[in-house]
file structure-v2.csv (CSV, C-alpha atoms)
chain,number,residue,atom,x,y,z
M,1,MET,CA,55.4,162.8,108.6
M,2,ALA,CA,53.9,162.9,105.2
M,3,GLN,CA,55.9,161.7,102.2
M,4,GLN,CA,57.4,164.5,100.3
M,5,HIS,CA,57.2,164.9,96.5
M,6,LEU,CA,60.8,165.0,95.3
M,7,ASP,CA,62.1,167.3,92.6
M,8,PRO,CA,63.6,165.3,89.7
M,9,THR,CA,66.7,167.5,90.0
M,10,ASP,CA,67.0,166.7,93.7
M,11,PRO,CA,69.7,164.1,94.5
M,12,MET,CA,67.2,162.3,96.6
M,13,ALA,CA,65.0,161.7,93.5
M,14,LYS,CA,67.4,159.8,91.3
M,15,ALA,CA,67.3,156.0,91.0
M,16,VAL,CA,69.6,154.3,93.5
M,17,THR,CA,70.4,150.6,93.6
M,18,GLY,CA,72.4,148.2,95.6
M,19,GLU,CA,75.6,149.4,94.0
M,20,ALA,CA,75.1,152.7,96.0
M,21,LEU,CA,74.7,150.7,99.2
M,22,ALA,CA,78.0,148.8,98.5
M,23,GLY,CA,79.8,152.1,97.9
M,24,TYR,CA,78.4,153.6,101.1
M,25,LEU,CA,79.4,150.6,103.2
M,26,ARG,CA,82.9,150.5,101.6
M,27,ALA,CA,83.3,154.2,102.5
M,28,GLN,CA,82.2,153.7,106.1
M,29,ALA,CA,84.5,150.7,106.5
M,30,THR,CA,87.4,152.8,105.2
M,31,GLU,CA,86.5,155.5,107.8
M,32,PHE,CA,86.4,152.9,110.5
M,33,LEU,CA,89.9,151.6,109.6
M,34,ARG,CA,91.3,155.2,109.3
M,35,ALA,CA,89.9,156.0,112.8
M,36,LEU,CA,91.3,152.8,114.2
M,37,ARG,CA,94.7,153.6,112.9
M,38,LEU,CA,94.5,157.1,114.3
M,39,HIS,CA,93.4,155.7,117.7
M,40,ARG,CA,96.4,153.4,117.8
M,41,GLU,CA,98.8,156.1,116.9
M,42,THR,CA,97.5,158.6,119.4
M,43,GLY,CA,97.1,156.4,122.4
M,44,SER,CA,99.8,158.3,124.3
M,45,ALA,CA,99.1,160.2,127.6
M,46,THR,CA,100.0,163.6,126.2
M,47,ALA,CA,97.2,166.2,126.1
M,48,ASN,CA,97.2,166.4,122.3
M,49,GLY,CA,97.4,162.6,122.0
M,50,ALA,CA,94.5,162.2,124.4
M,51,GLU,CA,92.3,164.7,122.5
M,52,GLU,CA,93.1,163.0,119.2
M,53,SER,CA,92.4,159.6,120.7
M,54,VAL,CA,89.0,160.8,121.9
M,55,ASP,CA,88.2,162.1,118.4
M,56,ALA,CA,89.3,158.8,116.9
M,57,ALA,CA,87.1,156.8,119.3
M,58,ARG,CA,84.2,159.1,118.3
M,59,ALA,CA,84.9,158.4,114.6
M,60,LEU,CA,85.0,154.7,115.3
M,61,ARG,CA,81.6,154.9,117.0
M,62,HIS,CA,80.1,157.0,114.1
M,63,SER,CA,81.3,154.6,111.4
M,64,ALA,CA,80.2,151.5,113.4
M,65,ARG,CA,76.7,153.0,113.9
M,66,ARG,CA,76.4,153.8,110.2
M,67,ILE,CA,77.5,150.4,109.0
M,68,SER,CA,75.2,148.7,111.6
M,69,GLY,CA,72.2,150.9,110.7
M,70,SER,CA,72.6,150.3,107.0
M,71,LEU,CA,72.8,146.6,107.6
M,72,HIS,CA,69.5,146.8,109.5
M,73,THR,CA,67.7,148.9,107.0
M,74,PHE,CA,68.9,147.2,103.8
M,75,ARG,CA,69.3,143.7,105.2
M,76,PRO,CA,67.2,142.0,102.3
M,77,LEU,CA,70.0,143.1,99.9
M,78,LEU,CA,72.9,141.6,102.0
M,79,ASP,CA,74.0,138.1,102.8
M,80,ALA,CA,71.8,137.2,105.7
M,81,THR,CA,74.2,135.1,107.8
M,82,TRP,CA,77.0,137.7,107.5
M,83,SER,CA,74.7,140.6,108.3
M,84,GLU,CA,73.2,139.0,111.4
M,85,GLU,CA,76.6,138.2,112.7
M,86,MET,CA,78.0,141.7,112.0
M,87,ARG,CA,75.3,143.9,113.4
M,88,PRO,CA,75.3,142.9,117.1
M,89,GLU,CA,79.1,143.1,117.1
M,90,LEU,CA,79.1,146.6,115.8
M,91,ALA,CA,76.4,147.6,118.3
M,92,TRP,CA,78.5,146.1,121.1
M,93,LEU,CA,81.6,148.1,120.0
M,94,SER,CA,79.7,151.4,119.6
M,95,GLY,CA,78.1,151.0,122.9
M,96,THR,CA,81.3,150.1,124.7
M,97,LEU,CA,83.2,153.0,123.3
M,98,GLY,CA,80.5,155.5,124.1
M,99,LEU,CA,80.2,154.7,127.8
M,100,GLU,CA,83.2,156.8,128.9
M,101,HIS,CA,82.0,159.9,127.0
M,102,ALA,CA,78.5,159.4,128.4
M,103,CYS,CA,79.8,159.4,132.0
M,104,GLU,CA,81.9,162.5,131.4
M,105,SER,CA,79.1,164.5,129.7
M,106,ARG,CA,76.6,163.4,132.3
M,107,LEU,CA,78.8,164.7,135.2
M,108,GLU,CA,79.4,168.0,133.4
M,109,ARG,CA,75.7,168.4,132.8
M,110,LEU,CA,74.8,167.7,136.5
M,111,LEU,CA,77.5,170.0,137.9
M,112,LEU,CA,76.4,172.8,135.7
M,113,ALA,CA,72.8,172.3,136.7
M,114,LEU,CA,73.7,172.3,140.4
M,115,HIS,CA,75.7,175.6,139.9
M,116,ARG,CA,72.7,177.1,138.1
M,117,LEU,CA,70.2,176.0,140.7
M,118,SER,CA,72.1,176.9,143.8
M,119,GLY,CA,74.2,179.8,142.7
M,120,SER,CA,77.2,178.2,144.4
M,121,THR,CA,80.1,176.0,143.2
M,122,ALA,CA,78.7,172.5,142.9
M,123,VAL,CA,81.8,170.8,144.2
M,124,PRO,CA,84.9,171.9,146.1
M,125,ALA,CA,86.9,174.4,144.0
M,126,GLN,CA,89.9,172.1,143.5
M,127,SER,CA,87.6,169.4,142.0
M,128,VAL,CA,85.9,171.5,139.4
M,129,PRO,CA,87.3,171.3,135.9
M,130,ALA,CA,88.1,174.6,134.3
M,131,ALA,CA,85.4,174.0,131.7
M,132,LEU,CA,82.8,174.1,134.4
M,133,VAL,CA,83.6,177.6,135.7
M,134,VAL,CA,80.5,179.6,134.8
M,135,ASP,CA,79.9,183.3,134.9
M,136,PRO,CA,77.2,183.8,137.5
M,137,ALA,CA,75.4,186.4,135.4
M,138,ALA,CA,75.4,184.0,132.4
M,139,GLY,CA,74.1,181.3,134.7
M,140,SER,CA,71.3,183.5,135.9
M,141,ARG,CA,70.3,184.4,132.4
M,142,ALA,CA,70.3,180.7,131.4
M,143,ALA,CA,68.2,179.8,134.4
M,144,GLY,CA,65.7,182.5,133.5
M,145,ALA,CA,65.5,181.4,129.9
M,146,ALA,CA,65.0,177.8,130.9
M,147,ARG,CA,62.0,178.7,133.0
M,148,ALA,CA,60.5,181.2,130.6
M,149,GLY,CA,56.7,181.2,131.0
M,150,GLY,CA,57.0,179.3,134.3
M,151,GLY,CA,57.4,182.2,136.7
M,152,GLY,CA,60.5,184.0,137.9
M,153,ALA,CA,63.4,182.1,139.3
M,154,PRO,CA,64.1,182.5,143.1
M,155,ALA,CA,66.7,184.9,144.2
M,156,ARG,CA,70.3,183.6,143.7
M,157,ALA,CA,72.9,183.4,146.4
M,158,LYS,CA,76.4,184.6,145.7
M,159,PRO,CA,78.6,181.9,144.2
M,160,GLY,CA,80.8,180.1,146.7
M,161,VAL,CA,81.2,176.9,148.5
M,162,GLY,CA,79.1,176.3,151.6
M,163,ALA,CA,75.9,177.6,152.9
M,164,ALA,CA,74.7,181.2,152.5
M,165,PRO,CA,72.9,182.9,155.4
M,166,GLU,CA,69.2,182.7,154.8
M,167,ASN,CA,68.8,186.5,154.8
M,168,SER,CA,72.1,187.5,153.4
M,169,GLY,CA,72.1,190.0,150.5
M,170,GLY,CA,72.1,188.4,147.1
M,171,PRO,CA,72.7,190.0,143.7
M,172,ALA,CA,71.2,193.5,143.4
M,173,GLY,CA,70.6,193.5,147.1
M,174,ARG,CA,67.9,190.8,147.0
M,175,THR,CA,67.2,188.5,149.9
M,176,VAL,CA,68.1,184.8,149.6
M,177,SER,CA,65.1,182.6,150.3
M,178,PRO,CA,65.3,179.8,152.9
M,179,GLU,CA,64.8,177.2,150.1
M,180,ARG,CA,67.7,178.6,148.1
M,181,GLY,CA,69.8,178.6,151.3
M,182,ASN,CA,69.0,175.0,152.0
M,183,LEU,CA,69.9,174.1,148.4
M,184,THR,CA,73.2,175.9,148.7
M,185,VAL,CA,74.1,173.9,151.8
M,186,GLY,CA,73.7,170.5,150.1
M,187,ALA,CA,74.9,171.5,146.6
M,188,ALA,CA,78.6,171.2,147.3
M,189,LYS,CA,78.2,167.8,148.9
M,190,ALA,CA,75.8,166.6,146.2
M,191,GLY,CA,78.3,167.7,143.6
M,192,ALA,CA,81.1,165.9,145.4
M,193,LEU,CA,79.0,162.7,145.6
M,194,LEU,CA,78.1,162.8,141.9
M,195,ASP,CA,81.8,163.6,141.1
M,196,ARG,CA,82.9,160.5,143.0
M,197,GLN,CA,80.3,158.2,141.5
M,198,LEU,CA,80.4,159.3,137.9
M,199,THR,CA,84.2,159.6,137.9
M,200,LEU,CA,84.4,156.0,139.1
M,201,ALA,CA,81.9,154.9,136.4
M,202,ARG,CA,84.0,156.8,133.8
M,203,THR,CA,87.2,155.1,135.0
M,204,ARG,CA,85.5,151.7,134.7
M,205,ALA,CA,84.2,152.5,131.3
M,206,HIS,CA,87.6,153.6,130.1
M,207,SER,CA,89.1,150.3,131.3
M,208,THR,CA,86.3,148.4,129.7
M,209,ALA,CA,86.9,150.2,126.4
M,210,LEU,CA,90.7,149.5,126.5
M,211,GLN,CA,90.0,145.8,127.2
M,212,ALA,CA,87.5,145.7,124.4
M,213,LEU,CA,89.9,147.2,121.9
M,214,GLY,CA,92.5,144.6,122.8
M,215,SER,CA,90.2,141.6,122.8
M,216,SER,CA,89.9,138.9,120.2
M,217,ARG,CA,86.3,139.9,119.7
M,218,PHE,CA,87.3,143.4,118.6
M,219,HIS,CA,90.0,142.0,116.3
M,220,ALA,CA,87.4,139.8,114.7
M,221,VAL,CA,85.1,142.8,114.1
M,222,ALA,CA,88.0,144.8,112.7
M,223,ASP,CA,89.0,142.0,110.3
M,224,LYS,CA,85.4,141.8,109.0
M,225,VAL,CA,85.3,145.6,108.5
M,226,ALA,CA,88.6,145.4,106.6
M,227,VAL,CA,87.1,142.8,104.2
M,228,LEU,CA,84.0,145.0,103.9
M,229,ALA,CA,86.2,147.9,102.7
M,230,SER,CA,86.9,146.0,99.5
M,231,GLU,CA,84.1,143.4,99.2
M,232,VAL,CA,80.5,143.9,100.2
M,233,PRO,CA,78.5,140.6,100.4
M,234,LEU,CA,75.4,141.7,98.4
M,235,THR,CA,72.8,139.2,97.2
M,236,PRO,CA,72.8,138.4,93.5
M,237,ALA,CA,69.8,140.7,92.8
M,238,ALA,CA,71.0,143.6,94.9
M,239,PRO,CA,73.1,145.4,92.3
M,240,THR,CA,70.0,146.1,90.2
M,241,THR,CA,67.4,146.4,93.1
M,242,GLY,CA,66.2,149.9,94.1
M,243,LEU,CA,66.9,151.1,97.6
M,244,ARG,CA,64.0,153.5,97.9
M,245,PRO,CA,61.3,151.0,99.1
M,246,LEU,CA,63.5,149.9,102.0
M,247,ALA,CA,64.4,153.5,102.9
M,248,ALA,CA,60.7,154.4,102.8
M,249,ALA,CA,60.0,151.5,105.1
M,250,ALA,CA,62.5,152.9,107.6
M,251,GLU,CA,60.8,156.3,107.4
M,252,GLU,CA,57.4,154.7,107.9
M,253,ARG,CA,58.6,152.9,111.0
M,254,LEU,CA,59.8,156.2,112.3
M,255,THR,CA,56.4,157.9,111.5
M,256,ASP,CA,54.5,155.1,113.2
M,257,ALA,CA,56.6,155.3,116.3
M,258,VAL,CA,56.1,159.1,116.5
M,259,ALA,CA,52.4,158.6,116.1
M,260,VAL,CA,52.1,156.8,119.4
M,261,LEU,CA,54.1,159.5,121.3
M,262,PRO,CA,52.0,161.8,123.5
M,263,LEU,CA,52.7,164.9,121.4
M,264,ILE,CA,49.7,166.7,122.7
M,265,THR,CA,51.1,166.4,126.3
M,266,ALA,CA,54.5,167.3,125.0
M,267,GLY,CA,53.0,170.5,123.6
M,268,HIS,CA,52.6,171.8,127.1
M,269,PRO,CA,55.4,173.3,129.2
M,270,TYR,CA,55.2,170.8,132.1
M,271,ASN,CA,54.0,167.2,132.5
M,272,ALA,CA,53.4,166.6,136.2
M,273,GLN,CA,52.8,162.9,135.6
M,274,ALA,CA,56.4,162.5,134.5
M,275,LEU,CA,57.6,163.3,138.0
M,276,VAL,CA,55.5,160.7,139.8
M,277,HIS,CA,57.7,157.8,138.9
M,278,GLY,CA,60.9,159.8,139.7
M,279,LEU,CA,59.7,160.5,143.2
M,280,SER,CA,59.1,156.8,143.9
M,281,PRO,CA,61.8,154.5,145.3
M,282,ASP,CA,61.6,152.3,142.2
M,283,PRO,CA,65.1,152.4,140.6
M,284,SER,CA,63.8,151.1,137.2
M,285,PRO,CA,64.1,153.3,134.1
M,286,HIS,CA,61.4,155.9,133.7
M,287,PRO,CA,58.4,154.3,131.9
M,288,GLN,CA,57.7,157.3,129.8
M,289,ASP,CA,61.2,157.6,128.3
M,290,GLY,CA,61.3,154.3,126.4
M,291,PRO,CA,59.2,155.2,123.4
M,292,TRP,CA,61.1,158.5,123.0
M,293,HIS,CA,64.4,156.7,123.0
M,294,GLN,CA,63.1,154.3,120.4
M,295,VAL,CA,62.1,157.2,118.2
M,296,ARG,CA,65.6,158.6,118.5
M,297,LEU,CA,67.1,155.4,117.2
M,298,LEU,CA,64.6,155.2,114.3
M,299,LEU,CA,65.3,158.8,113.4
M,300,ARG,CA,69.0,157.9,113.3
M,301,LEU,CA,68.2,155.0,111.0
M,302,HIS,CA,66.2,157.3,108.7
M,303,ARG,CA,69.1,159.7,108.5
M,304,TYR,CA,71.5,157.0,107.6
M,305,ALA,CA,69.1,155.7,104.9
M,306,ARG,CA,69.0,159.2,103.4
M,307,GLU,CA,72.8,159.2,103.4
M,308,VAL,CA,72.9,155.9,101.5
M,309,LEU,CA,70.4,157.2,98.9
M,310,CYS,CA,72.6,160.3,98.4
M,311,GLU,CA,75.7,158.2,98.4
M,312,GLY,CA,77.0,159.8,101.6
M,313,ASP,CA,76.2,163.4,100.6
M,314,ALA,CA,72.6,163.9,101.8
M,315,PRO,CA,71.3,167.4,101.9
M,316,VAL,CA,70.8,168.9,105.4
M,317,ASP,CA,67.2,168.8,106.5
M,318,VAL,CA,67.1,171.4,109.2
M,319,ARG,CA,63.8,170.1,110.7
M,320,LEU,CA,65.2,166.5,111.0
M,321,LEU,CA,68.3,168.0,112.5
M,322,ALA,CA,66.3,170.0,115.1
M,323,ALA,CA,64.2,166.9,115.9
M,324,GLY,CA,67.4,164.8,116.4
M,325,GLN,CA,69.0,167.4,118.6
M,326,ALA,CA,65.9,167.6,120.8
M,327,LEU,CA,65.9,163.8,121.2
M,328,ASN,CA,69.6,163.8,122.1
M,329,ARG,CA,68.9,166.4,124.8
M,330,HIS,CA,66.0,164.2,125.9
M,331,ARG,CA,68.3,161.2,126.3
M,332,ASP,CA,70.9,163.2,128.1
M,333,ALA,CA,68.5,164.8,130.5
M,334,SER,CA,66.7,161.6,131.3
M,335,GLU,CA,70.0,159.7,132.0
M,336,ALA,CA,71.2,162.7,134.1
M,337,ALA,CA,67.9,162.6,136.2
M,338,ALA,CA,68.4,158.9,136.7
M,339,ALA,CA,72.0,159.5,137.9
M,340,ALA,CA,70.8,162.1,140.4
M,341,ALA,CA,68.1,159.8,141.7
M,342,GLN,CA,70.6,157.0,142.0
M,343,ALA,CA,72.9,159.3,144.0
M,344,ALA,CA,70.0,160.3,146.3
M,345,ARG,CA,69.6,156.6,147.2
M,346,THR,CA,73.1,156.5,148.6
M,347,PRO,CA,72.8,155.3,152.3
M,348,ARG,CA,73.4,157.7,155.2
M,349,ILE,CA,73.7,161.0,153.2
M,350,ALA,CA,72.9,164.2,154.9
M,351,PRO,CA,69.3,165.6,154.4
M,352,ALA,CA,70.6,168.7,152.8
M,353,THR,CA,72.5,166.6,150.2
M,354,ALA,CA,69.4,164.5,149.5
M,355,TYR,CA,67.4,167.7,149.1
M,356,ALA,CA,69.8,169.1,146.6
M,357,LEU,CA,69.8,165.9,144.6
M,358,GLY,CA,66.0,165.8,144.7
M,359,VAL,CA,65.9,169.4,143.3
M,360,LEU,CA,68.5,168.4,140.7
M,361,HIS,CA,66.4,165.3,139.7
M,362,ALA,CA,63.3,167.4,139.2
M,363,ASP,CA,65.2,170.0,137.2
M,364,GLN,CA,66.5,167.3,134.8
M,365,ARG,CA,63.0,165.9,134.4
M,366,HIS,CA,61.8,169.3,133.5
M,367,GLU,CA,64.6,169.4,131.0
M,368,VAL,CA,63.2,166.2,129.6
M,369,GLU,CA,59.9,167.9,129.1
M,370,ALA,CA,61.5,170.9,127.5
M,371,ALA,CA,63.2,168.5,125.0
M,372,ARG,CA,59.9,166.8,124.3
M,373,PHE,CA,58.3,170.1,123.6
M,374,ALA,CA,61.2,171.1,121.3
M,375,PHE,CA,60.8,167.8,119.4
M,376,GLN,CA,57.0,168.3,119.1
M,377,GLN,CA,57.6,171.7,117.6
M,378,ALA,CA,60.2,170.5,115.1
M,379,TRP,CA,58.1,167.5,114.1
M,380,GLN,CA,54.9,169.4,113.6
M,381,LYS,CA,56.8,171.9,111.4
M,382,GLN,CA,58.2,169.0,109.4
M,383,THR,CA,54.7,167.5,108.9
M,384,VAL,CA,53.0,170.7,108.0
M,385,SER,CA,55.7,171.7,105.5
M,386,ALA,CA,55.4,168.5,103.6
M,387,PRO,CA,53.1,169.0,100.5
call {"tool": "encode", "arguments": {"input": "structure-v2.csv", "output": "structure tokens"}}
result
Amino acid sequence: MAQQHLDPTDPMAKAVTGEALAGYLRAQATEFLRALRLHRETGSATANGAEESVDAARALRHSARRISGSLHTFRPLLDATWSEEMRPELAWLSGTLGLEHACESRLERLLLALHRLSGSTAVPAQSVPAALVVDPAAGSRAAGAARAGGGGAPARAKPGVGAAPENSGGPAGRTVSPERGNLTVGAAKAGALLDRQLTLARTRAHSTALQALGSSRFHAVADKVAVLASEVPLTPAAPTTGLRPLAAAAEERLTDAVAVLPLITAGHPYNAQALVHGLSPDPSPHPQDGPWHQVRLLLRLHRYAREVLCEGDAPVDVRLLAAGQALNRHRDASEAAAAAAQAARTPRIAPATAYALGVLHADQRHEVEAARFAFQQAWQKQTVSAP
């Protein structure tokens, strides 16, 4: 991404020193403490309390990430010992608090994908949350849109639990293909298996988060953040040192990381090579995903640096926003594909269940490719638009 020439009237063009960094860190520390207080006040089991508690945990994660990211980008202006002790603790806290939400959203994503692919309820009706009840017509439209340019989707069976007869009439009197019938057979059991595994993982993540919030390690982090809300340990020269060179270095790291991505490959609808690893018995993470995840983290650091330069009020860059959303979808789809592959390795599952999970895995890997394509489009627009 080329460097843009900033308008002198633009808030991004004014001189910014370490004093702005101190103000930003104090504001984020205050948000952290406010979210922590709200989380403690809404820890009840009531519906409203649970929802507010989730919002408070999300706010805790957001402020912890912003503090940690700013400590990383602007570390030459901060006390080195304090910064190096603080950053990993904030990363631990943010990661721990995000596990439960990740399991929940992953399960929802996979069940909706099963519903879309099979045309049947992915799990027994009593196990499906109300939020997952999807209009069949809307699901059909979504499936068609997701495969635009890749050929028409197979005929869809009527929604329902269990197998559909291979030649039974589908919507508009069409015939259900044997492949769709086989997928419908295994979809319910595949959904139930994913429900059990990811619900268990979510329960464990919830327990881990509760233990973390009650641990001495967390209280030590909270005490340091409380001190940060009033006193930022800047170096003696920081108050008069400009922040733009450090922010530019963060942007350059992002640009260099994007430069090594296979954007030419991502400019095509499908990447068959990306499926080779997923079809192997190797349970290790997909080798192509790592560099994209790294770009996602560097893009986040770049966004936080922009916020610091604008003292928390950075103008919205729609291209950066689109690129970040594409990378978030990439992360979600790749982790969902890994969860489907892990479920397919469950011993002694029925062939129809394994088949449904295999189709689900391939579908999520195609979602990964779609997200890469979306990022490539957003990034190329960003590069071309820069004077």
call {"tool": "residues_around", "arguments": {"input": "structure-v2.csv", "residues": "range 218-234 of chain M", "least_positions_apart": "4", "cutoff": "6 Å", "atoms": "all atoms listed in the file", "output": "MDAnalysis selection string"}}
result
chainID M and resid 22 26 29:30 77:79 213 238
call {"tool": "atom_distance", "arguments": {"input": "structure-v2.csv", "atom1": "CA of Ile349 in chain M", "atom2": "CA of Leu114 in chain M"}}
result
17.1 Å
call {"tool": "residues_around", "arguments": {"input": "structure-v2.csv", "residues": "Ala343 in chain M", "least_positions_apart": "4", "cutoff": "9 Å", "atoms": "all atoms listed in the file", "output": "ChimeraX atom specification"}}
result
/M:190,193-194,197,338-339,354,357
call {"tool": "write_last_selection", "arguments": {"input": "structure-v2.csv", "atoms": "C-alpha atoms", "output": "tab-separated table (two decimals), keeping the file's coordinate frame"}}
result
chain	number	residue	atom	x	y	z
M	190	ALA	CA	75.80	166.60	146.20
M	193	LEU	CA	79.00	162.70	145.60
M	194	LEU	CA	78.10	162.80	141.90
M	197	GLN	CA	80.30	158.20	141.50
M	338	ALA	CA	68.40	158.90	136.70
M	339	ALA	CA	72.00	159.50	137.90
M	354	ALA	CA	69.40	164.50	149.50
M	357	LEU	CA	69.80	165.90	144.60
call {"tool": "atom_distance", "arguments": {"input": "structure-v2.csv", "atom1": "CA of Ala352 in chain M", "atom2": "CA of Pro287 in chain M"}}
result
28.2 Å
call {"tool": "atom_distance", "arguments": {"input": "structure-v2.csv", "atom1": "CA of Glu31 in chain M", "atom2": "CA of Ser63 in chain M"}}
result
6.4 Å
call {"tool": "residues_around", "arguments": {"input": "structure-v2.csv", "residues": "Arg303 in chain M", "least_positions_apart": "3", "cutoff": "12 Å", "atoms": "all atoms listed in the file", "output": "PyMOL selection string"}}
result
chain M and resi 65-66+69-70+73+247-248+250-251+254+296-300+306-310+312-321+323-324
call {"tool": "residues_around", "arguments": {"input": "structure-v2.csv", "residues": "Leu99 in chain M", "least_positions_apart": "2", "cutoff": "8 Å", "atoms": "all atoms listed in the file", "output": "PyMOL selection string"}}
result
chain M and resi 95-97+101-103+202+205-206
call {"tool": "closest_residue", "arguments": {"input": "structure-v2.csv", "among": "M:Pro88, M:Gly98, M:Pro351, M:Gly358", "to": "Thr208 in chain M", "atoms": "only C-alpha atoms"}}
result
M:Gly98
call {"tool": "closest_residue", "arguments": {"input": "structure-v2.csv", "among": "M:Ser334, M:Thr255, M:Thr42, M:Ser68", "to": "Leu25 in chain M", "atoms": "all atoms listed in the file"}}
result
M:Ser68
call {"tool": "closest_residue", "arguments": {"input": "structure-v2.csv", "among": "M:Ser207, M:Gly242, M:Ala64, M:Ala374", "to": "Leu36 in chain M", "atoms": "only C-alpha atoms"}}
result
M:Ala64
call {"tool": "build_atoms", "arguments": {"input": "structure-v2.csv", "residues": "range 223-229 of chain M", "atoms": "all heavy atoms", "output": "CSV table (one decimal), keeping the file's coordinate frame"}}
result
chain,number,residue,atom,x,y,z
M,223,ASP,N,88.7,142.8,111.5
M,223,ASP,CA,89.0,142.0,110.3
M,223,ASP,C,87.8,142.0,109.3
M,223,ASP,O,88.0,142.1,108.1
M,223,ASP,CB,89.4,140.5,110.7
M,223,ASP,CG,90.7,140.5,111.4
M,223,ASP,OD1,91.5,141.5,111.3
M,223,ASP,OD2,91.0,139.5,112.1
M,224,LYS,N,86.6,141.8,109.9
M,224,LYS,CA,85.4,141.8,109.0
M,224,LYS,C,85.2,143.2,108.3
M,224,LYS,O,84.8,143.2,107.1
M,224,LYS,CB,84.2,141.4,109.8
M,224,LYS,CG,84.2,139.9,110.2
M,224,LYS,CD,82.9,139.6,110.9
M,224,LYS,CE,82.9,138.1,111.4
M,224,LYS,NZ,81.7,137.7,112.1
M,225,VAL,N,85.5,144.2,109.1
M,225,VAL,CA,85.3,145.6,108.5
M,225,VAL,C,86.4,145.8,107.4
M,225,VAL,O,86.1,146.4,106.4
M,225,VAL,CB,85.4,146.6,109.6
M,225,VAL,CG1,85.4,148.0,109.0
M,225,VAL,CG2,84.2,146.5,110.6
M,226,ALA,N,87.6,145.3,107.6
M,226,ALA,CA,88.6,145.4,106.6
M,226,ALA,C,88.2,144.7,105.3
M,226,ALA,O,88.5,145.2,104.2
M,226,ALA,CB,89.9,144.8,107.2
M,227,VAL,N,87.6,143.5,105.4
M,227,VAL,CA,87.1,142.8,104.2
M,227,VAL,C,86.0,143.6,103.6
M,227,VAL,O,85.9,143.8,102.4
M,227,VAL,CB,86.6,141.4,104.6
M,227,VAL,CG1,86.0,140.7,103.4
M,227,VAL,CG2,87.8,140.6,105.1
M,228,LEU,N,85.1,144.2,104.4
M,228,LEU,CA,84.0,145.0,103.9
M,228,LEU,C,84.5,146.2,103.1
M,228,LEU,O,83.8,146.7,102.2
M,228,LEU,CB,83.1,145.5,105.1
M,228,LEU,CG,81.9,146.3,104.7
M,228,LEU,CD1,80.9,145.5,103.9
M,228,LEU,CD2,81.2,146.8,106.0
M,229,ALA,N,85.7,146.8,103.5
M,229,ALA,CA,86.2,147.9,102.7
M,229,ALA,C,86.5,147.6,101.3
M,229,ALA,O,86.6,148.5,100.5
M,229,ALA,CB,87.5,148.4,103.4
